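Dropping data-v2.cif in here (mmCIF, C-alpha atoms):
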```cif
data_entry
loop_
_atom_site.label_atom_id
_atom_site.label_comp_id
_atom_site.auth_asym_id
_atom_site.auth_seq_id
_atom_site.Cartn_x
_atom_site.Cartn_y
_atom_site.Cartn_z
CA MET A 1 18.65 -16.74 -14.18
CA THR A 2 19.91 -14.83 -11.14
CA LEU A 3 18.99 -15.82 -7.61
CA ARG A 4 16.95 -12.62 -7.31
CA ARG A 5 14.94 -13.40 -10.44
CA LEU A 6 14.47 -17.00 -9.38
CA ALA A 7 13.06 -15.73 -6.09
CA VAL A 8 10.60 -13.44 -7.83
CA ALA A 9 9.55 -16.28 -10.09
CA LEU A 10 9.14 -19.08 -7.59
CA ILE A 11 8.35 -17.83 -4.09
CA TYR A 12 4.72 -18.43 -3.23
CA ALA A 13 3.47 -18.18 0.34
CA GLY A 14 0.07 -18.51 1.90
CA ALA A 15 0.65 -15.64 4.30
CA LEU A 16 2.44 -12.51 3.19
CA CYS A 17 5.50 -11.45 5.15
CA LEU A 18 6.42 -8.02 3.85
CA GLY A 19 9.60 -7.88 5.85
CA ALA A 20 11.20 -10.54 3.64
CA SER A 21 14.64 -9.72 2.28
CA LEU A 22 13.75 -10.71 -1.27
CA SER A 23 12.10 -8.15 -3.50
CA GLY A 24 9.17 -10.32 -4.63
CA VAL A 25 6.91 -12.27 -2.34
CA SER A 26 3.75 -13.64 -3.86
CA GLY A 27 0.65 -15.26 -2.49
CA PRO A 28 -1.42 -17.91 -4.22
CA ALA A 29 -3.17 -16.64 -7.31
CA ALA A 30 -6.37 -18.41 -6.42
CA ALA A 31 -6.67 -17.60 -2.72
CA ALA A 32 -10.10 -18.03 -1.22
CA GLY A 33 -11.80 -14.66 -0.97
CA PRO A 34 -10.30 -11.18 -0.74
CA GLN A 35 -6.94 -11.10 1.01
CA ALA A 36 -5.69 -8.45 3.43
CA PRO A 37 -1.99 -7.73 3.87
CA ILE A 38 -0.12 -9.03 6.91
CA LEU A 39 2.74 -6.65 7.64
CA TRP A 40 3.45 -7.53 11.26
CA ASP A 41 4.99 -10.52 13.00
CA SER A 42 2.58 -11.53 15.74
CA GLN A 43 5.47 -13.11 17.67
CA GLU A 44 7.51 -9.91 17.86
CA ARG A 45 7.40 -8.35 21.30
CA LEU A 46 6.94 -4.59 21.15
CA ALA A 47 6.86 -2.60 24.37
CA LYS A 48 3.46 -1.23 25.27
CA PRO A 49 3.81 2.54 25.67
CA ASP A 50 2.41 4.54 28.55
CA LEU A 51 0.90 7.68 27.04
CA ALA A 52 -1.46 8.50 29.87
CA ALA A 53 0.25 11.86 30.38
CA MET A 54 -0.41 13.00 26.81
CA PRO A 55 -3.00 15.78 26.84
CA ARG A 56 -3.99 15.08 23.24
CA LEU A 57 -3.24 12.93 20.20
CA ARG A 58 -4.13 14.86 17.09
CA PHE A 59 -3.65 13.35 13.65
CA LEU A 60 -3.25 15.72 10.72
CA THR A 61 -4.55 14.56 7.34
CA THR A 62 -6.15 15.84 4.14
CA THR A 63 -9.53 15.49 2.45
CA ASP A 64 -8.45 14.67 -1.09
CA PHE A 65 -6.91 11.19 -1.05
CA PRO A 66 -9.80 8.72 -1.37
CA PRO A 67 -10.31 6.09 -0.12
CA PHE A 68 -7.80 7.04 2.57
CA ASN A 69 -9.26 10.42 3.47
CA PHE A 70 -12.23 12.20 1.88
CA LEU A 71 -15.46 13.99 2.66
CA ASP A 72 -18.48 11.70 2.39
CA GLY A 73 -21.92 12.67 1.10
CA SER A 74 -22.71 14.35 4.41
CA GLY A 75 -19.49 16.36 4.40
CA ARG A 76 -18.03 14.19 7.15
CA LEU A 77 -14.33 13.32 7.12
CA SER A 78 -14.09 9.63 6.26
CA GLY A 79 -11.72 7.01 4.93
CA LEU A 80 -9.22 4.34 5.87
CA HIS A 81 -6.90 6.85 7.53
CA ILE A 82 -9.70 8.24 9.66
CA ASP A 83 -10.78 4.83 10.90
CA LEU A 84 -7.16 3.81 11.39
CA ALA A 85 -6.43 6.91 13.50
CA ARG A 86 -9.35 6.10 15.76
CA ALA A 87 -8.25 2.48 16.08
CA ILE A 88 -4.73 3.59 17.02
CA CYS A 89 -6.08 5.95 19.66
CA ALA A 90 -8.22 3.18 21.11
CA GLU A 91 -5.28 0.76 21.20
CA LEU A 92 -3.15 3.34 23.01
CA GLY A 93 -5.88 4.13 25.54
CA LEU A 94 -6.32 7.62 24.16
CA ALA A 95 -9.78 7.42 22.59
CA ALA A 96 -11.03 10.31 24.73
CA LYS A 97 -8.06 12.45 23.69
CA CYS A 98 -8.10 11.55 20.01
CA GLU A 99 -8.50 14.31 17.42
CA ILE A 100 -8.30 14.35 13.63
CA GLN A 101 -7.83 17.56 11.67
CA ALA A 102 -7.91 17.90 7.89
CA LEU A 103 -5.72 20.52 6.21
CA PRO A 104 -4.48 21.22 2.70
CA TRP A 105 -1.47 19.05 1.87
CA ASP A 106 0.97 21.96 1.77
CA GLU A 107 0.00 23.03 5.31
CA LEU A 108 0.56 19.69 7.03
CA ASP A 109 4.27 20.08 7.75
CA ALA A 110 3.99 23.59 9.18
CA ALA A 111 1.12 22.52 11.42
CA LEU A 112 3.13 19.59 12.76
CA GLN A 113 6.25 21.66 13.35
CA LYS A 114 4.23 24.33 15.21
CA GLY A 115 2.72 21.69 17.50
CA GLU A 116 -0.78 21.94 16.06
CA GLY A 117 -0.81 18.18 15.74
CA GLU A 118 1.24 15.21 16.88
CA ALA A 119 1.31 13.11 13.72
CA ILE A 120 0.69 13.26 9.99
CA LEU A 121 -1.40 10.43 8.58
CA ALA A 122 -1.50 11.35 4.91
CA GLY A 123 0.98 9.32 2.90
CA ILE A 124 4.24 11.23 3.30
CA ALA A 125 6.87 9.22 1.44
CA VAL A 126 9.68 7.77 3.54
CA THR A 127 12.95 8.85 1.94
CA ALA A 128 16.41 9.86 3.12
CA LYS A 129 15.34 13.50 2.77
CA THR A 130 12.07 13.19 4.70
CA ARG A 131 13.84 11.26 7.46
CA GLU A 132 15.79 14.45 8.17
CA LYS A 133 12.52 16.12 9.16
CA TYR A 134 10.37 13.28 10.50
CA ALA A 135 10.48 10.11 12.51
CA PHE A 136 8.29 7.43 10.95
CA SER A 137 6.36 4.44 12.12
CA ARG A 138 6.92 1.21 10.28
CA PRO A 139 4.78 0.90 7.14
CA TYR A 140 1.15 0.02 7.74
CA LEU A 141 0.42 -0.56 4.04
CA GLN A 142 2.58 -1.29 1.03
CA PHE A 143 1.60 -1.09 -2.62
CA PRO A 144 2.55 -4.26 -4.46
CA ALA A 145 2.91 -4.69 -8.18
CA ARG A 146 0.37 -7.02 -9.75
CA PHE A 147 -0.30 -8.68 -13.08
CA VAL A 148 -3.78 -8.41 -14.56
CA VAL A 149 -4.77 -10.79 -17.36
CA PRO A 150 -7.87 -11.10 -19.57
CA LYS A 151 -10.26 -13.74 -18.32
CA ALA A 152 -10.34 -15.06 -21.88
CA LYS A 153 -6.59 -15.74 -21.69
CA PRO A 154 -6.01 -17.65 -18.44
CA VAL A 155 -2.42 -17.82 -17.22
CA ALA A 156 -1.16 -20.92 -15.46
CA GLU A 157 1.06 -20.89 -12.40
CA PRO A 158 3.93 -20.41 -12.03
CA ILE A 159 3.17 -17.14 -13.77
CA TYR A 160 6.84 -16.35 -14.41
CA ALA A 161 7.15 -19.27 -16.79
CA SER A 162 3.76 -18.70 -18.40
CA LEU A 163 4.53 -15.07 -19.28
CA GLN A 164 7.82 -15.71 -21.08
CA GLY A 165 7.51 -14.37 -24.62
CA LYS A 166 4.14 -12.76 -23.85
CA LYS A 167 3.27 -9.11 -24.50
CA ILE A 168 3.01 -7.26 -21.20
CA GLY A 169 1.84 -3.67 -20.95
CA VAL A 170 3.25 -1.26 -18.35
CA VAL A 171 3.39 2.49 -17.78
CA ALA A 172 6.55 3.93 -19.33
CA GLY A 173 9.26 5.20 -17.00
CA SER A 174 7.65 3.72 -13.89
CA GLY A 175 9.18 1.59 -11.19
CA HIS A 176 6.89 -1.15 -12.48
CA GLU A 177 8.57 -0.99 -15.88
CA ARG A 178 12.02 -1.31 -14.30
CA LEU A 179 10.88 -4.22 -12.14
CA LEU A 180 9.27 -5.97 -15.10
CA ARG A 181 12.41 -5.64 -17.24
CA ASP A 182 14.80 -6.62 -14.45
CA ASP A 183 13.00 -9.55 -12.88
CA PHE A 184 10.63 -11.20 -15.33
CA GLY A 185 12.87 -12.59 -18.00
CA LYS A 186 12.05 -12.54 -21.70
CA VAL A 187 8.67 -10.86 -21.75
CA GLN A 188 7.73 -8.48 -24.53
CA VAL A 189 7.44 -5.11 -22.81
CA ALA A 190 4.90 -2.68 -24.28
CA THR A 191 5.05 0.77 -22.69
CA TYR A 192 2.22 3.29 -22.36
CA ALA A 193 2.19 6.97 -21.49
CA LYS A 194 -1.05 6.72 -19.49
CA PRO A 195 -2.63 3.92 -17.44
CA GLU A 196 -5.95 4.46 -19.23
CA GLU A 197 -4.34 3.61 -22.57
CA LEU A 198 -2.82 0.48 -21.05
CA TYR A 199 -6.17 -0.64 -19.64
CA ALA A 200 -7.93 -0.04 -22.94
CA ASP A 201 -5.51 -2.27 -24.86
CA LEU A 202 -5.71 -4.98 -22.20
CA LYS A 203 -9.50 -4.91 -22.34
CA ALA A 204 -9.38 -5.03 -26.15
CA GLY A 205 -7.26 -8.18 -26.08
CA LYS A 206 -4.15 -6.51 -27.51
CA LEU A 207 -2.03 -7.56 -24.52
CA ASP A 208 -1.46 -10.82 -22.72
CA ALA A 209 -1.22 -8.99 -19.39
CA ALA A 210 -0.75 -5.64 -17.74
CA PHE A 211 1.72 -4.99 -14.92
CA GLY A 212 1.35 -2.10 -12.53
CA ASP A 213 0.25 -0.70 -9.20
CA GLY A 214 -2.05 -3.19 -7.51
CA MET A 215 -4.20 -0.55 -5.84
CA ARG A 216 -4.86 1.36 -9.06
CA LEU A 217 -5.54 -1.88 -10.89
CA SER A 218 -7.98 -3.01 -8.19
CA PHE A 219 -10.05 0.15 -8.69
CA TRP A 220 -10.12 -0.44 -12.43
CA LEU A 221 -11.15 -4.09 -12.03
CA ASP A 222 -13.94 -3.04 -9.65
CA GLY A 223 -15.18 -0.25 -11.94
CA SER A 224 -17.45 -0.24 -14.96
CA ASP A 225 -14.65 0.63 -17.40
CA SER A 226 -13.17 -2.85 -17.13
CA ALA A 227 -16.50 -4.49 -18.03
CA ASP A 228 -15.40 -7.48 -15.93
CA CYS A 229 -12.86 -8.37 -18.61
CA CYS A 230 -9.92 -9.24 -16.46
CA ARG A 231 -8.55 -10.54 -13.18
CA PHE A 232 -5.42 -10.52 -11.04
CA ALA A 233 -2.91 -13.29 -11.62
CA GLY A 234 0.25 -14.13 -9.67
CA GLY A 235 1.80 -11.84 -7.12
CA PRO A 236 1.59 -9.65 -5.15
CA TYR A 237 5.17 -8.48 -5.68
CA ILE A 238 6.77 -6.34 -2.99
CA ALA A 239 9.84 -4.44 -4.18
CA PRO A 240 10.64 -1.37 -2.04
CA GLU A 241 13.71 -0.48 -4.11
CA TYR A 242 11.44 -0.06 -7.15
CA LEU A 243 8.08 0.87 -5.65
CA GLY A 244 8.85 2.62 -2.35
CA THR A 245 8.27 1.52 1.22
CA GLY A 246 4.55 2.27 1.39
CA LEU A 247 2.58 4.31 3.91
CA SER A 248 3.86 5.26 7.36
CA ILE A 249 2.84 7.73 10.06
CA ALA A 250 5.10 10.77 10.36
CA VAL A 251 5.92 12.58 13.62
CA LYS A 252 8.46 15.27 14.45
CA ALA A 253 12.03 14.05 14.19
CA ASP A 254 12.64 14.64 17.89
CA ASN A 255 9.75 12.37 18.92
CA PRO A 256 10.79 8.83 17.94
CA ALA A 257 9.06 7.48 21.05
CA LEU A 258 5.69 8.39 19.57
CA ALA A 259 6.59 6.65 16.31
CA ALA A 260 7.49 3.57 18.35
CA ALA A 261 4.14 3.82 20.16
CA PHE A 262 2.42 3.78 16.78
CA ASP A 263 4.37 0.65 15.88
CA TYR A 264 2.96 -1.07 18.94
CA ALA A 265 -0.58 0.04 18.15
CA LEU A 266 -0.32 -0.93 14.48
CA GLN A 267 0.97 -4.39 15.37
CA GLN A 268 -1.89 -4.95 17.79
CA ILE A 269 -4.42 -3.69 15.24
CA SER A 270 -3.00 -6.15 12.72
CA VAL A 271 -2.85 -9.13 15.08
CA LYS A 272 -6.43 -8.59 16.25
CA GLY A 273 -7.73 -8.44 12.68
CA THR A 274 -8.84 -4.82 12.91
CA PHE A 275 -6.64 -3.64 10.06
CA ALA A 276 -7.89 -6.43 7.80
CA GLU A 277 -11.47 -5.33 8.45
CA LEU A 278 -10.66 -1.72 7.63
CA TYR A 279 -8.67 -2.65 4.54
CA LEU A 280 -11.42 -4.81 3.08
CA ARG A 281 -14.00 -2.13 3.88
CA TYR A 282 -12.25 0.32 1.58
CA PHE A 283 -10.69 -2.12 -0.92
CA PRO A 284 -13.37 -4.69 -1.74
CA VAL A 285 -11.19 -5.91 -4.61
CA SER A 286 -8.03 -6.59 -2.66
CA PHE A 287 -4.76 -5.75 -4.36
CA TYR A 288 -3.04 -8.50 -2.32
#
```
Would you write the structure of this file as structure tokens?
Amino acid sequence: MTLRRLAVALIYAGALCLGASLSGVSGPAAAAGPQAPILWDSQERLAKPDLAAMPRLRFLTTTDFPPFNFLDGSGRLSGLHIDLARAICAELGLAAKCEIQALPWDELDAALQKGEGEAILAGIAVTAKTREKYAFSRPYLQFPARFVVPKAKPVAEPIYASLQGKKIGVVAGSGHERLLRDDFGKVQVATYAKPEELYADLKAGKLDAAFGDGMRLSFWLDGSDSADCCRFAGGPYIAPEYLGTGLSIAVKADNPALAAAFDYALQQISVKGTFAELYLRYFPVSFY
């Protein structure tokens, strides 16, 4: 077994540190109550920005990415991103100058470049290509891979050892499939074209476990389609090289100081517990 695979198999920590150099960092499978991610080191000293001269801080977002941004039953813009934007403004002393504007996805970039907003809070992927156009905050949320198992087939910890030789379902061609094949030893990999087909077989007892996006799996576990058949086990597994770096705030490339200001605000929001409150408000079945 390689050192990398040994790390994925055996590292269990009570508090998640997503900045770890290893690709898989897992928390206890039987943690007490829903868990919120901890992405920030409370001991790191980030400079507090002085943005008093800013006439406005307008976040640009969309309306079609629930639970991050959506229109509620009253037609009001709601979601994790909306509440997070307001919390950032408050932390930076800009609550009175805070604005949030929803636009179609394909209009966000043009609006930012024309100065119609200062930041995009809508899940723009951080890649080498997008870094040519934007400066980004550090990630405020990452999407870990998780195992889900039938409640009728409990899996003992350490889960790596318990799953050897077991039939594990995963979406074909996904980063989750590559991670499963590379880091989890001699499991029997069963691939599916659609997540719904994977969930159906797991629910029917045709699989020992499913492996996939923790957020998507949390929605399924919380919904009626799962019929309370299953639960998370092991993990969460953070692997940016397979699954991406998560969600960050994008600003114009020539404004890295604003991205750094967001880093300060996001750290403070995390340390004070505000982000955990927001996260658990919108993700009652935590994917961490």
Quiz item: Using the chain letters and numbers from the file, which residues does the PyMOL selection byres ((chain A and resi 157-169) around 7) grab, as number ranges by chain?
Solution: A: 9-10, 155-156, 170, 184-191, 198, 207-211, 234
Selection to disk with C-alpha atoms, as a JSON list (two decimals), keeping the file's coordinate frame:
```
[["chain", "number", "residue", "atom", "x", "y", "z"],
["A", 9, "ALA", "CA", 9.55, -16.28, -10.09],
["A", 10, "LEU", "CA", 9.14, -19.08, -7.59],
["A", 155, "VAL", "CA", -2.42, -17.82, -17.22],
["A", 156, "ALA", "CA", -1.16, -20.92, -15.46],
["A", 170, "VAL", "CA", 3.25, -1.26, -18.35],
["A", 184, "PHE", "CA", 10.63, -11.20, -15.33],
["A", 185, "GLY", "CA", 12.87, -12.59, -18.00],
["A", 186, "LYS", "CA", 12.05, -12.54, -21.70],
["A", 187, "VAL", "CA", 8.67, -10.86, -21.75],
["A", 188, "GLN", "CA", 7.73, -8.48, -24.53],
["A", 189, "VAL", "CA", 7.44, -5.11, -22.81],
["A", 190, "ALA", "CA", 4.90, -2.68, -24.28],
["A", 191, "THR", "CA", 5.05, 0.77, -22.69],
["A", 198, "LEU", "CA", -2.82, 0.48, -21.05],
["A", 207, "LEU", "CA", -2.03, -7.56, -24.52],
["A", 208, "ASP", "CA", -1.46, -10.82, -22.72],
["A", 209, "ALA", "CA", -1.22, -8.99, -19.39],
["A", 210, "ALA", "CA", -0.75, -5.64, -17.74],
["A", 211, "PHE", "CA", 1.72, -4.99, -14.92],
["A", 234, "GLY", "CA", 0.25, -14.13, -9.67]]
```
Quiz item: To one decimal place, how far is CA of Lys272 in chain A from CA of Phe70 in chain A in Å?
Solution: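 Going from CA of Lys272 in chain A over to CA of Phe70 in chain A covers 25.9 Å.
When the distance limit is 12 Å and all atoms listed in the file are what count, the residues near Ala128 in chain A, minus those fewer than 5 positions from it on the same chain, are Lys133, Tyr134, Ala135, Phe136, Gly244 and Thr245 of chain A.
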Exercise. Could you tell me which of A:Lys153, A:Ala253, A:Ala122, A:Ala47 comes closest to Glu107 in chain A if we count only C-alpha atoms?
Key: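 Of the candidates, the smallest distance to Glu107 in chain A is held by A:Ala122.
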Exercise. Could you list the residues chosen by the PyMOL selection byres ((chain A and resi 96-102) around 8) in this structure as a list of chain:residue names?
Key: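 So the PyMOL selection byres ((chain A and resi 96-102) around 8), applied here, picks out A:Pro55, A:Arg56, A:Leu57, A:Arg58, A:Phe59, A:Leu60, A:Thr61, A:Thr62, A:Thr63, A:Leu77, A:Ile82, A:Ala85, A:Arg86, A:Cys89, A:Leu94, A:Ala95, A:Leu103, A:Pro104.
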Self-check item: Selection under test: the PyMOL selection byres ((chain A and resi 91) around 10); residues as a list in words
Solution: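 Selected by the PyMOL selection byres ((chain A and resi 91) around 10) in this file: Lys48, Ala85, Arg86, Ala87, Ile88, Cys89, Ala90, Leu92, Gly93, Leu94, Ala95, Ala261, Phe262, Tyr264, Ala265, Leu266, Gln267, Gln268 and Ile269 of chain A.
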Could you write those residues out with C-alpha atoms, as a JSON list (two decimals), in the coordinates of the input?
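The file below, again.json, is the result:
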```json
[["chain", "number", "residue", "atom", "x", "y", "z"],
["A", 48, "LYS", "CA", 3.46, -1.23, 25.27],
["A", 85, "ALA", "CA", -6.43, 6.91, 13.50],
["A", 86, "ARG", "CA", -9.35, 6.10, 15.76],
["A", 87, "ALA", "CA", -8.25, 2.48, 16.08],
["A", 88, "ILE", "CA", -4.73, 3.59, 17.02],
["A", 89, "CYS", "CA", -6.08, 5.95, 19.66],
["A", 90, "ALA", "CA", -8.22, 3.18, 21.11],
["A", 92, "LEU", "CA", -3.15, 3.34, 23.01],
["A", 93, "GLY", "CA", -5.88, 4.13, 25.54],
["A", 94, "LEU", "CA", -6.32, 7.62, 24.16],
["A", 95, "ALA", "CA", -9.78, 7.42, 22.59],
["A", 261, "ALA", "CA", 4.14, 3.82, 20.16],
["A", 262, "PHE", "CA", 2.42, 3.78, 16.78],
["A", 264, "TYR", "CA", 2.96, -1.07, 18.94],
["A", 265, "ALA", "CA", -0.58, 0.04, 18.15],
["A", 266, "LEU", "CA", -0.32, -0.93, 14.48],
["A", 267, "GLN", "CA", 0.97, -4.39, 15.37],
["A", 268, "GLN", "CA", -1.89, -4.95, 17.79],
["A", 269, "ILE", "CA", -4.42, -3.69, 15.24]]
```
Quiz item: What separation in Å, quoted to one decimal, exists between CA of Asp222 in chain A and CA of Ala193 in chain A?
Solution: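 CA of Ala193 in chain A lies at a distance of 22.4 Å from CA of Asp222 in chain A.
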Exercise. Choose the residue, out of A:Trp220, A:Asp263, A:Ala172, A:Ser270, that has the smallest atom-to-atom separation from Leu46 in chain A; count only C-alpha atoms.
Key: A:Asp263
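Atom to atom, CA of Ile120 in chain A and CA of Met54 in chain A stand 16.9 Å apart.
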Listed atoms of range 198-214 of chain A boxed along x, y and z, 8 Å each side, centre and edge lengths in Å, one decimal, as AutoDock Vina command-line options:
```
--center_x -3.9 --center_y -5.2 --center_z -17.5 --size_x 27.2 --size_y 27.3 --size_z 36.0
```
Quiz item: Which residue gives the smallest distance to Ala145 in chain A among A:Ala276, A:Val171, A:Ala111, A:Leu84, with only C-alpha atoms counted?
Solution: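 The closest residue to Ala145 in chain A is A:Val171.
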Practice problem: Extract, using only C-alpha atoms, all DNA, RNA and protein residues at most 10 Å from Ser174 in chain A, discarding same-chain residues fewer than 5 positions from it, and format them as a PyMOL selection string. | Solution: chain A and resi 179-180+191+193+212-213+242-243
Missing atoms in range 252-261 of chain A: fill them in up to all heavy atoms and send the result as an mmCIF file, in the coordinates of the input.
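Printed below is selection-v7.cif as written:
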```cif
data_model
loop_
_atom_site.group_PDB
_atom_site.id
_atom_site.type_symbol
_atom_site.label_atom_id
_atom_site.label_comp_id
_atom_site.auth_asym_id
_atom_site.auth_seq_id
_atom_site.Cartn_x
_atom_site.Cartn_y
_atom_site.Cartn_z
ATOM 1 N N LYS A 252 7.269 14.421 14.431
ATOM 2 C CA LYS A 252 8.460 15.270 14.450
ATOM 3 C C LYS A 252 9.702 14.428 14.711
ATOM 4 O O LYS A 252 9.665 13.431 15.433
ATOM 5 C CB LYS A 252 8.313 16.360 15.506
ATOM 6 C CG LYS A 252 7.233 17.378 15.175
ATOM 7 C CD LYS A 252 7.073 18.413 16.274
ATOM 8 C CE LYS A 252 8.286 19.322 16.366
ATOM 9 N NZ LYS A 252 8.066 20.428 17.326
ATOM 10 N N ALA A 253 10.802 14.833 14.117
ATOM 11 C CA ALA A 253 12.030 14.050 14.190
ATOM 12 C C ALA A 253 12.506 13.838 15.616
ATOM 13 O O ALA A 253 13.178 12.836 15.909
ATOM 14 C CB ALA A 253 13.127 14.726 13.368
ATOM 15 N N ASP A 254 12.171 14.765 16.502
ATOM 16 C CA ASP A 254 12.640 14.640 17.890
ATOM 17 C C ASP A 254 11.671 13.845 18.768
ATOM 18 O O ASP A 254 11.790 13.853 19.986
ATOM 19 C CB ASP A 254 12.868 16.028 18.499
ATOM 20 C CG ASP A 254 11.597 16.874 18.555
ATOM 21 O OD1 ASP A 254 10.538 16.397 18.120
ATOM 22 O OD2 ASP A 254 11.680 18.032 19.028
ATOM 23 N N ASN A 255 10.727 13.137 18.152
ATOM 24 C CA ASN A 255 9.750 12.370 18.920
ATOM 25 C C ASN A 255 9.677 10.916 18.458
ATOM 26 O O ASN A 255 8.601 10.388 18.155
ATOM 27 C CB ASN A 255 8.369 13.025 18.814
ATOM 28 C CG ASN A 255 7.425 12.559 19.912
ATOM 29 O OD1 ASN A 255 7.813 11.808 20.807
ATOM 30 N ND2 ASN A 255 6.179 12.999 19.845
ATOM 31 N N PRO A 256 10.823 10.222 18.397
ATOM 32 C CA PRO A 256 10.790 8.830 17.940
ATOM 33 C C PRO A 256 9.994 7.916 18.867
ATOM 34 O O PRO A 256 9.518 6.865 18.444
ATOM 35 C CB PRO A 256 12.273 8.440 17.897
ATOM 36 C CG PRO A 256 12.939 9.358 18.871
ATOM 37 C CD PRO A 256 12.191 10.649 18.760
ATOM 38 N N ALA A 257 9.831 8.314 20.125
ATOM 39 C CA ALA A 257 9.060 7.480 21.050
ATOM 40 C C ALA A 257 7.609 7.376 20.609
ATOM 41 O O ALA A 257 6.981 6.323 20.769
ATOM 42 C CB ALA A 257 9.156 8.043 22.470
ATOM 43 N N LEU A 258 7.069 8.453 20.047
ATOM 44 C CA LEU A 258 5.690 8.390 19.570
ATOM 45 C C LEU A 258 5.585 7.495 18.344
ATOM 46 O O LEU A 258 4.622 6.731 18.205
ATOM 47 C CB LEU A 258 5.171 9.793 19.253
ATOM 48 C CG LEU A 258 3.712 9.886 18.796
ATOM 49 C CD1 LEU A 258 2.782 9.274 19.840
ATOM 50 C CD2 LEU A 258 3.326 11.339 18.509
ATOM 51 N N ALA A 259 6.583 7.556 17.464
ATOM 52 C CA ALA A 259 6.590 6.650 16.310
ATOM 53 C C ALA A 259 6.635 5.204 16.769
ATOM 54 O O ALA A 259 5.956 4.338 16.203
ATOM 55 C CB ALA A 259 7.786 6.968 15.400
ATOM 56 N N ALA A 260 7.419 4.927 17.815
ATOM 57 C CA ALA A 260 7.490 3.570 18.350
ATOM 58 C C ALA A 260 6.158 3.156 18.969
ATOM 59 O O ALA A 260 5.750 1.989 18.882
ATOM 60 C CB ALA A 260 8.604 3.466 19.386
ATOM 61 N N ALA A 261 5.465 4.119 19.599
ATOM 62 C CA ALA A 261 4.140 3.820 20.160
ATOM 63 C C ALA A 261 3.164 3.443 19.046
ATOM 64 O O ALA A 261 2.336 2.536 19.212
ATOM 65 C CB ALA A 261 3.625 5.026 20.935
#
```
